[in-house]
Amino acid sequence: MIQHVLRVILFVIVTSLAVTGPSFATPAKEAPWLPEAAAYRLTLFLGNLAPVPWYKVEQAWSEPYHGSEYRLGALAWLDRESAVDVGDLTDAIGWQDRHAVHVAATRLIALRIEEELDAATAADNPAVSQRAVATAKELYRAFADHIKAADPDAARTLGRAWLELNNATGSAGVLGAGAKEQDSDAMTTARAVISAYLAENYLVADPAPRQTLTAVPEAIARTGQPVELPAALPPGSDIFDQDPLPLLVLNFEEQGIDETDLPLIAYGDMLFDSAEIFGGPARDLGIACSTCHNRSDINQRFFIPGASHQPGAVDVDGAFFNPMFNDRRDDPIDIPSLRGLRFTGPYGRDGRFASLRDFSRNVIVNEFAGEEPTPFMLDALVAYMTEFDFLPNSLVTGDGQLTEAAPDAARRGEEVFNRPFVGMGNQSCASCHTPSGNFLDRKSHDIGSVAAAYEGSHAGALDTPTLLGTLYTAPYFHDGALPTLASVVNWFDETKNLGLTDAERSDLTAYLETVGAADEPYEAFDTANTPFRLAFAELTTFASTLDTLLPKRDAQHILVLTDTVAADLAADAGTMANLSSRPEVYALAERLAEVGAAVRAENWAAAETSWSLFKTDAAAIEEKAF
Amino acid sequence: MMPRLNRRHLLILAAAGLVSQPMPALAQSDPLRLAFIPQENPDKLLGDIKAITAWLSSEIGVPVEGFVTIDHAAAVEALRNGDADISFMGALPFVLAEREIGAIPLLSEVYRDTPSYTGRVFVRRDSGFKMLADLEGRDIAFADPISESGYMYPLAEFERAGLVSSPDAAEDFFGRIFFAGGYQQAMQAMAEGLVDAAGASQYADLLLTPEQQSQVTWIAESDAIPSHVVIARPELDAELRENFVAAMMKLNMPEHRDKLRYLYGPDGYVEADPSVFDGVRTMAQRFGLL
């Protein structure tokens, strides 16, 4: 699957206009969000969920955001760094008054910008002035993309004002050399432009209530004119692929069959990697099946505030992805691996779908608000996903028996695994995790890991998961409540009164770790197999289905392909080690986009020509694609 | 005038950031002191320093302390006073520190297999600008007036092309020159059309969105600029210096590479070659800094 690494940058820095300090670093590095700016954007995001998760709004201000490089939460940070009063904000959060929170938080950010601008203009040396301007601009980042979307002319005027302001701060030089004095008049003039806009739009006395919380300037918001805001996830979101990247094992590939000879599967592979099949924010944000299921497995770092309770988890029927499918329950689940998918039905954590086809349709249409997929698309997706194989593991035979290479502790653990326990109704672990059946029984059981939804409910039964490959899929259980396989053993021992000794627990853990192991769990990158080369090979393989689709004049499915692959090819170019070849990759992406444009214009001859040129160009740059 | 800092001043600065790793069992009681220049969030830097100094202590066998200075001048002053033994520094501050206190380069950072990088002049693809001469009368954003790749080296390309006679005469060629405050600000200003061009590190376009990256290109590239350097005060004990270098070189080994993220995130280190800084010395002279 394609690396969506750079797509994430789109979400993270689309509004990024500031970085602390001058350009010290040799390589480029994006600046972290300031705590209060991050809290503000989190507040907008969370405040638009239904129901509003108020405890998360409170956390957004009281705790460092996920992955923050700052040790302090926004309120503690403000207490240390600012004299701006936060009382209105904390009161509003306490009242759970959505409008009041928006007003107070917006005002707080505007006041912080003013506070830093005051410091910048009052400073008597360039270094202090520059730091204050840089901080002010980082705070402005909380508003910037919404200003640009709603009021582009003002955004440009403000952009020049920020340039003028920074330029006028002078320079402290380096070690006393090259110092340049501040230009106070120019600073005052530029600052006035910024302050006037803030006063008019973010420090107004009585802002109008908003149906959707945004940083759109008040003057625009009051007009009621629709504003198309750029898709963005809040600070703390992480939809990078996990590192190390899971190894993908495809049944046909292991048999030496080339994916380019399997057009249905190749098209399904493309769909698995395509945000085009989804709707709503998932599509706009570039989220695809593979975003959560990296290389058929999981993504341990996936995290979206408000939709994830911890990394590697997501609430797919919450308020964010598809309001129509919002069950209004905060019930994120740990992302399951899809390895060995053809052996692991029924599907869904509680096994609610007997058919992988039905499960896939539900993911596309209901969970991620996509259009109804065509039968061909579902056929392709199922054809591709049923090629996912378990990771080869030389410690276990195909029928679940330990091999000679397995450690002694695992052998002792195997006996415990097969031992019936009174606490489990005289069943053993192996009763459900049947070794000869890929360590599952294709049934659902209530083992007591799910809290009752209401008194007398029977909602706790979950589909038995396989144990194969699980050494690399922590955490465990449907909600990821248990961090290690050892903690799973402990949970069963304690909740089922198994009476295991310490040695037995250790041995049983060793058995699980042996069964769950793999010879090569992760993709091994080197100079010959770089992330970009992997992505390039996959994308050109996806494109190869045009050899089948173009002769059929199948415009609908061609356009899904060209829209997906052309965009991904261009986006992935930034991951190239050989950065000098990026222009050629951009040109290649444009060539594929030309195929799509020709198909849209029903100019099939032009489409064929562009496709032919794409193949020639792709072959020419393949050797440089690293 | 360069601000003069005394030991008391430095300790006050360091109070919030001092993260020492006392090693009473070790033979040497005097710690090796590392000065770090804040590049981004100081909070993160403090955590990074704690991690790397602990590891260096275990490798070198002496206590290692790290602290954050307010800027390069403070770091150099700390080296001069003996409050710091070693500092992390850019190439330009190093050549100035070399002149000031005889600082010695120990290690150079490696990025993408090389201990150097370049500055480039970026433009939008749709701008039609193909060569530096096309930018006459146009607005350009540089990162900072003391940035090698974000000002000095890109501007030198205009001199090389015969478009600018000296740094002081640059304003005669351009419409406006802005110092935007950093690579990212300069590149965003260019990408968003606020200015016509940007002078920044060769890697600076990676700070743009993927869509923006495909919309920009560069029309000039500078000579190689030595990457950041780890320097020592000249009086530092030679054996301790060698031990430090040996420990740092271990960071290139696969089992230790994860620790590079605590040190500004290079891909590795090589032992510094003092001769590679000749170009920086010349550039500093040309800009009146040396």
# chains A, B, ... in the order shown; residues from 1 in each chain; ligands from 1
call {"tool": "select_by_dssp", "arguments": {"residues": "region 167-212 of chain B", "states": "strand (DSSP E or B)", "output": "MDAnalysis selection string"}}
result
chainID B and resid 177:179 197:201
call {"tool": "write_last_selection", "arguments": {"atoms": "N, CA and C atoms", "output": "short mmCIF file (atom, residue, chain, number, x, y, z; two decimals), in the first residue's frame"}}
result
data_model
loop_
_atom_site.label_atom_id
_atom_site.label_comp_id
_atom_site.auth_asym_id
_atom_site.auth_seq_id
_atom_site.Cartn_x
_atom_site.Cartn_y
_atom_site.Cartn_z
N ILE B 177 13.16 42.94 -0.51
CA ILE B 177 13.77 41.79 0.16
C ILE B 177 13.12 41.68 1.52
N PHE B 178 12.58 40.50 1.81
CA PHE B 178 12.01 40.26 3.14
C PHE B 178 12.82 39.18 3.84
N PHE B 179 13.01 39.37 5.12
CA PHE B 179 13.51 38.29 5.96
C PHE B 179 12.30 37.75 6.71
N ALA B 197 9.86 34.88 -5.06
CA ALA B 197 10.90 33.85 -4.91
C ALA B 197 11.26 33.71 -3.44
N ALA B 198 11.94 32.62 -3.14
CA ALA B 198 12.40 32.40 -1.77
C ALA B 198 13.80 31.82 -1.81
N GLY B 199 14.63 32.26 -0.89
CA GLY B 199 15.95 31.67 -0.73
C GLY B 199 15.95 30.84 0.53
N ALA B 200 16.24 29.55 0.39
CA ALA B 200 16.14 28.67 1.56
C ALA B 200 16.95 27.40 1.31
N SER B 201 17.03 26.59 2.34
CA SER B 201 17.72 25.31 2.28
C SER B 201 17.18 24.44 1.15
#
call {"tool": "interface_residues", "arguments": {"of": "chain B", "to": "chain A", "cutoff": "6 Å", "atoms": "only C-alpha atoms", "output": "list in words"}}
result
Met1, Met2, Glu40, Asp43, Lys44, Ala73, Asp144, Phe178, Phe179, Ala180, Gly181, Gly182, Tyr183, Gln185, Tyr203, Ala204, Thr209, Pro210 and Leu289 of chain B
call {"tool": "write_last_selection", "arguments": {"atoms": "N, CA and C atoms", "output": "PDB file, in the first residue's frame"}}
result
ATOM      1  N   MET B   1      27.869  44.971  20.035  1.00  0.00           N
ATOM      2  CA  MET B   1      28.767  44.226  20.919  1.00  0.00           C
ATOM      3  C   MET B   1      28.150  42.880  21.306  1.00  0.00           C
ATOM      4  N   MET B   2      28.978  41.897  21.321  1.00  0.00           N
ATOM      5  CA  MET B   2      28.497  40.595  21.756  1.00  0.00           C
ATOM      6  C   MET B   2      28.245  40.634  23.267  1.00  0.00           C
ATOM      7  N   GLU B  40      14.027  24.747  18.423  1.00  0.00           N
ATOM      8  CA  GLU B  40      12.591  24.634  18.340  1.00  0.00           C
ATOM      9  C   GLU B  40      12.051  24.743  19.751  1.00  0.00           C
ATOM     10  N   ASP B  43      11.208  22.881  25.535  1.00  0.00           N
ATOM     11  CA  ASP B  43      10.722  21.802  26.394  1.00  0.00           C
ATOM     12  C   ASP B  43      11.179  20.450  25.873  1.00  0.00           C
ATOM     13  N   LYS B  44      11.036  20.271  24.559  1.00  0.00           N
ATOM     14  CA  LYS B  44      11.434  18.998  23.973  1.00  0.00           C
ATOM     15  C   LYS B  44      12.937  18.831  24.080  1.00  0.00           C
ATOM     16  N   ALA B  73      25.764  33.078  20.818  1.00  0.00           N
ATOM     17  CA  ALA B  73      26.702  33.916  21.564  1.00  0.00           C
ATOM     18  C   ALA B  73      26.882  33.375  22.985  1.00  0.00           C
ATOM     19  N   ASP B 144      16.567  34.446   6.929  1.00  0.00           N
ATOM     20  CA  ASP B 144      17.108  35.245   8.019  1.00  0.00           C
ATOM     21  C   ASP B 144      18.436  35.833   7.548  1.00  0.00           C
ATOM     22  N   PHE B 178      12.585  40.501   1.814  1.00  0.00           N
ATOM     23  CA  PHE B 178      12.010  40.256   3.139  1.00  0.00           C
ATOM     24  C   PHE B 178      12.819  39.178   3.844  1.00  0.00           C
ATOM     25  N   PHE B 179      13.005  39.372   5.123  1.00  0.00           N
ATOM     26  CA  PHE B 179      13.507  38.286   5.958  1.00  0.00           C
ATOM     27  C   PHE B 179      12.297  37.747   6.712  1.00  0.00           C
ATOM     28  N   ALA B 180      11.884  36.561   6.317  1.00  0.00           N
ATOM     29  CA  ALA B 180      10.586  36.053   6.768  1.00  0.00           C
ATOM     30  C   ALA B 180      10.635  35.407   8.146  1.00  0.00           C
ATOM     31  N   GLY B 181      11.816  35.073   8.616  1.00  0.00           N
ATOM     32  CA  GLY B 181      11.909  34.501   9.955  1.00  0.00           C
ATOM     33  C   GLY B 181      12.265  33.027   9.972  1.00  0.00           C
ATOM     34  N   GLY B 182      12.360  32.405   8.834  1.00  0.00           N
ATOM     35  CA  GLY B 182      12.716  30.987   8.788  1.00  0.00           C
ATOM     36  C   GLY B 182      12.438  30.422   7.420  1.00  0.00           C
ATOM     37  N   TYR B 183      12.935  29.219   7.199  1.00  0.00           N
ATOM     38  CA  TYR B 183      12.704  28.567   5.904  1.00  0.00           C
ATOM     39  C   TYR B 183      11.222  28.485   5.576  1.00  0.00           C
ATOM     40  N   GLN B 185       8.572  30.015   6.678  1.00  0.00           N
ATOM     41  CA  GLN B 185       7.875  31.272   6.397  1.00  0.00           C
ATOM     42  C   GLN B 185       8.246  31.803   5.020  1.00  0.00           C
ATOM     43  N   TYR B 203      16.302  21.587   1.264  1.00  0.00           N
ATOM     44  CA  TYR B 203      15.224  20.716   1.759  1.00  0.00           C
ATOM     45  C   TYR B 203      13.964  21.495   2.129  1.00  0.00           C
ATOM     46  N   ALA B 204      13.996  22.813   2.005  1.00  0.00           N
ATOM     47  CA  ALA B 204      12.904  23.619   2.553  1.00  0.00           C
ATOM     48  C   ALA B 204      11.572  23.364   1.861  1.00  0.00           C
ATOM     49  N   THR B 209       3.104  21.775   1.641  1.00  0.00           N
ATOM     50  CA  THR B 209       2.193  20.651   1.483  1.00  0.00           C
ATOM     51  C   THR B 209       2.590  19.881   0.219  1.00  0.00           C
ATOM     52  N   PRO B 210       2.204  18.614   0.115  1.00  0.00           N
ATOM     53  CA  PRO B 210       2.523  17.859  -1.097  1.00  0.00           C
ATOM     54  C   PRO B 210       2.051  18.573  -2.360  1.00  0.00           C
ATOM     55  N   LEU B 289      30.994  39.754   8.225  1.00  0.00           N
ATOM     56  CA  LEU B 289      30.810  39.139   9.538  1.00  0.00           C
ATOM     57  C   LEU B 289      32.132  38.679  10.139  1.00  0.00           C
TER      58      LEU B 289
END
call {"tool": "select_by_dssp", "arguments": {"residues": "region 38-182 of chain A", "states": "helix (DSSP H, G or I)", "output": "ChimeraX atom specification"}}
result
/A:38-47,54-62,74-81,87-95,98-122,126-150,152-168
call {"tool": "atom_distance", "arguments": {"atom1": "CA of Leu229 (chain A)", "atom2": "CA of Phe143 (chain A)"}}
result
11.5 Å
call {"tool": "atom_distance", "arguments": {"atom1": "CA of Trp61 (chain A)", "atom2": "CA of Asn48 (chain A)"}}
result
16.4 Å
call {"tool": "residues_around", "arguments": {"residues": "region 332-348 of chain A", "least_positions_apart": "3", "cutoff": "8 Å", "atoms": "only C-alpha atoms", "output": "NGL selection string"}}
result
:A and (292-293 or 296-299 or 307-309 or 312-316 or 351-356 or 359 or 385-391 or 438 or 440 or 442-443 or 463 or 465-466 or 473 or 475-480)
call {"tool": "decode", "arguments": {"residues": "region 211-321 of chain A", "atoms": "C-alpha atoms", "output": "compact mmCIF listing (two decimals), in the first residue's frame"}}
result
# COMPACT_ATOMS: atom_id res chain seq x y z
CA GLN A 211 -23.73 26.05 13.82
CA THR A 212 -20.24 24.82 13.01
CA LEU A 213 -17.37 26.03 15.16
CA THR A 214 -14.69 27.54 12.96
CA ALA A 215 -12.03 30.23 12.96
CA VAL A 216 -13.77 31.97 10.06
CA PRO A 217 -13.54 35.74 10.67
CA GLU A 218 -16.65 37.19 12.28
CA ALA A 219 -17.33 39.66 9.48
CA ILE A 220 -17.62 36.77 7.03
CA ALA A 221 -19.43 34.45 9.41
CA ARG A 222 -22.13 37.08 10.04
CA THR A 223 -22.93 37.26 6.33
CA GLY A 224 -23.93 33.62 6.40
CA GLN A 225 -22.10 33.01 3.15
CA PRO A 226 -20.88 29.42 2.87
CA VAL A 227 -17.16 28.96 3.30
CA GLU A 228 -15.45 25.87 2.01
CA LEU A 229 -12.82 25.14 4.61
CA PRO A 230 -9.82 22.95 3.83
CA ALA A 231 -9.99 19.47 5.26
CA ALA A 232 -7.84 19.30 8.34
CA LEU A 233 -7.35 17.14 11.36
CA PRO A 234 -6.62 18.80 14.68
CA PRO A 235 -3.17 18.91 16.28
CA GLY A 236 -2.26 15.58 17.80
CA SER A 237 -3.70 13.62 14.92
CA ASP A 238 -1.42 10.98 13.48
CA ILE A 239 -2.30 9.02 10.38
CA PHE A 240 1.24 8.30 9.29
CA ASP A 241 1.92 4.70 8.45
CA GLN A 242 3.40 2.85 11.36
CA ASP A 243 7.14 2.43 11.56
CA PRO A 244 8.31 -0.28 11.10
CA LEU A 245 5.95 -0.95 8.24
CA PRO A 246 4.26 -4.36 8.40
CA LEU A 247 5.29 -6.86 5.75
CA LEU A 248 2.53 -7.64 3.26
CA VAL A 249 2.19 -11.32 2.38
CA LEU A 250 -0.03 -11.92 -0.62
CA ASN A 251 -0.93 -15.47 -1.53
CA PHE A 252 -0.49 -15.00 -5.29
CA GLU A 253 2.84 -13.23 -4.90
CA GLU A 254 4.23 -16.07 -2.79
CA GLN A 255 3.32 -18.34 -5.69
CA GLY A 256 5.29 -16.18 -8.08
CA ILE A 257 2.29 -14.69 -9.86
CA ASP A 258 2.67 -11.07 -10.97
CA GLU A 259 -0.06 -8.71 -9.82
CA THR A 260 -0.07 -6.99 -13.20
CA ASP A 261 -1.46 -10.28 -14.57
CA LEU A 262 -4.35 -10.12 -12.10
CA PRO A 263 -6.28 -6.98 -13.06
CA LEU A 264 -9.22 -7.54 -10.71
CA ILE A 265 -6.88 -8.00 -7.75
CA ALA A 266 -4.69 -5.08 -8.83
CA TYR A 267 -7.77 -2.89 -9.04
CA GLY A 268 -8.85 -4.07 -5.59
CA ASP A 269 -5.37 -3.26 -4.32
CA MET A 270 -5.80 0.25 -5.69
CA LEU A 271 -9.22 0.61 -4.06
CA PHE A 272 -7.78 -0.55 -0.73
CA ASP A 273 -5.40 2.37 -1.07
CA SER A 274 -7.91 4.86 -2.38
CA ALA A 275 -9.68 7.58 -0.44
CA GLU A 276 -11.85 8.09 -3.52
CA ILE A 277 -14.20 5.30 -2.47
CA PHE A 278 -15.01 7.08 0.78
CA GLY A 279 -16.92 10.28 1.32
CA GLY A 280 -16.96 13.07 3.85
CA PRO A 281 -13.83 13.93 5.78
CA ALA A 282 -12.17 10.57 5.15
CA ARG A 283 -12.04 11.23 1.43
CA ASP A 284 -10.93 14.82 1.85
CA LEU A 285 -8.23 13.82 4.28
CA GLY A 286 -6.91 11.02 2.11
CA ILE A 287 -7.89 8.28 4.52
CA ALA A 288 -8.13 4.87 2.84
CA CYS A 289 -8.50 1.27 4.04
CA SER A 290 -4.72 1.06 4.15
CA THR A 291 -4.45 4.07 6.45
CA CYS A 292 -5.67 1.92 9.33
CA HIS A 293 -4.67 -1.46 7.89
CA ASN A 294 -1.07 -0.82 6.86
CA ARG A 295 -0.06 -3.57 4.46
CA SER A 296 -3.09 -5.68 5.49
CA ASP A 297 -2.17 -5.46 9.16
CA ILE A 298 -2.75 -2.63 11.62
CA ASN A 299 -1.52 0.90 12.24
CA GLN A 300 -0.36 1.22 15.81
CA ARG A 301 0.08 4.98 15.59
CA PHE A 302 -3.25 5.95 14.04
CA PHE A 303 -4.84 8.57 16.24
CA ILE A 304 -7.54 11.17 15.72
CA PRO A 305 -8.58 13.15 18.80
CA GLY A 306 -12.25 12.58 19.48
CA ALA A 307 -12.32 9.43 17.37
CA SER A 308 -9.50 7.49 19.03
CA HIS A 309 -9.14 6.83 22.74
CA GLN A 310 -5.57 5.66 22.23
CA PRO A 311 -3.17 5.13 19.32
CA GLY A 312 -4.20 2.28 17.03
CA ALA A 313 -7.90 2.70 17.75
CA VAL A 314 -10.81 4.46 16.07
CA ASP A 315 -14.54 4.89 16.52
CA VAL A 316 -15.85 4.20 13.04
CA ASP A 317 -19.45 4.89 13.97
CA GLY A 318 -18.85 8.13 15.78
CA ALA A 319 -19.66 11.70 14.83
CA PHE A 320 -16.64 12.47 12.74
CA PHE A 321 -16.63 10.27 9.67
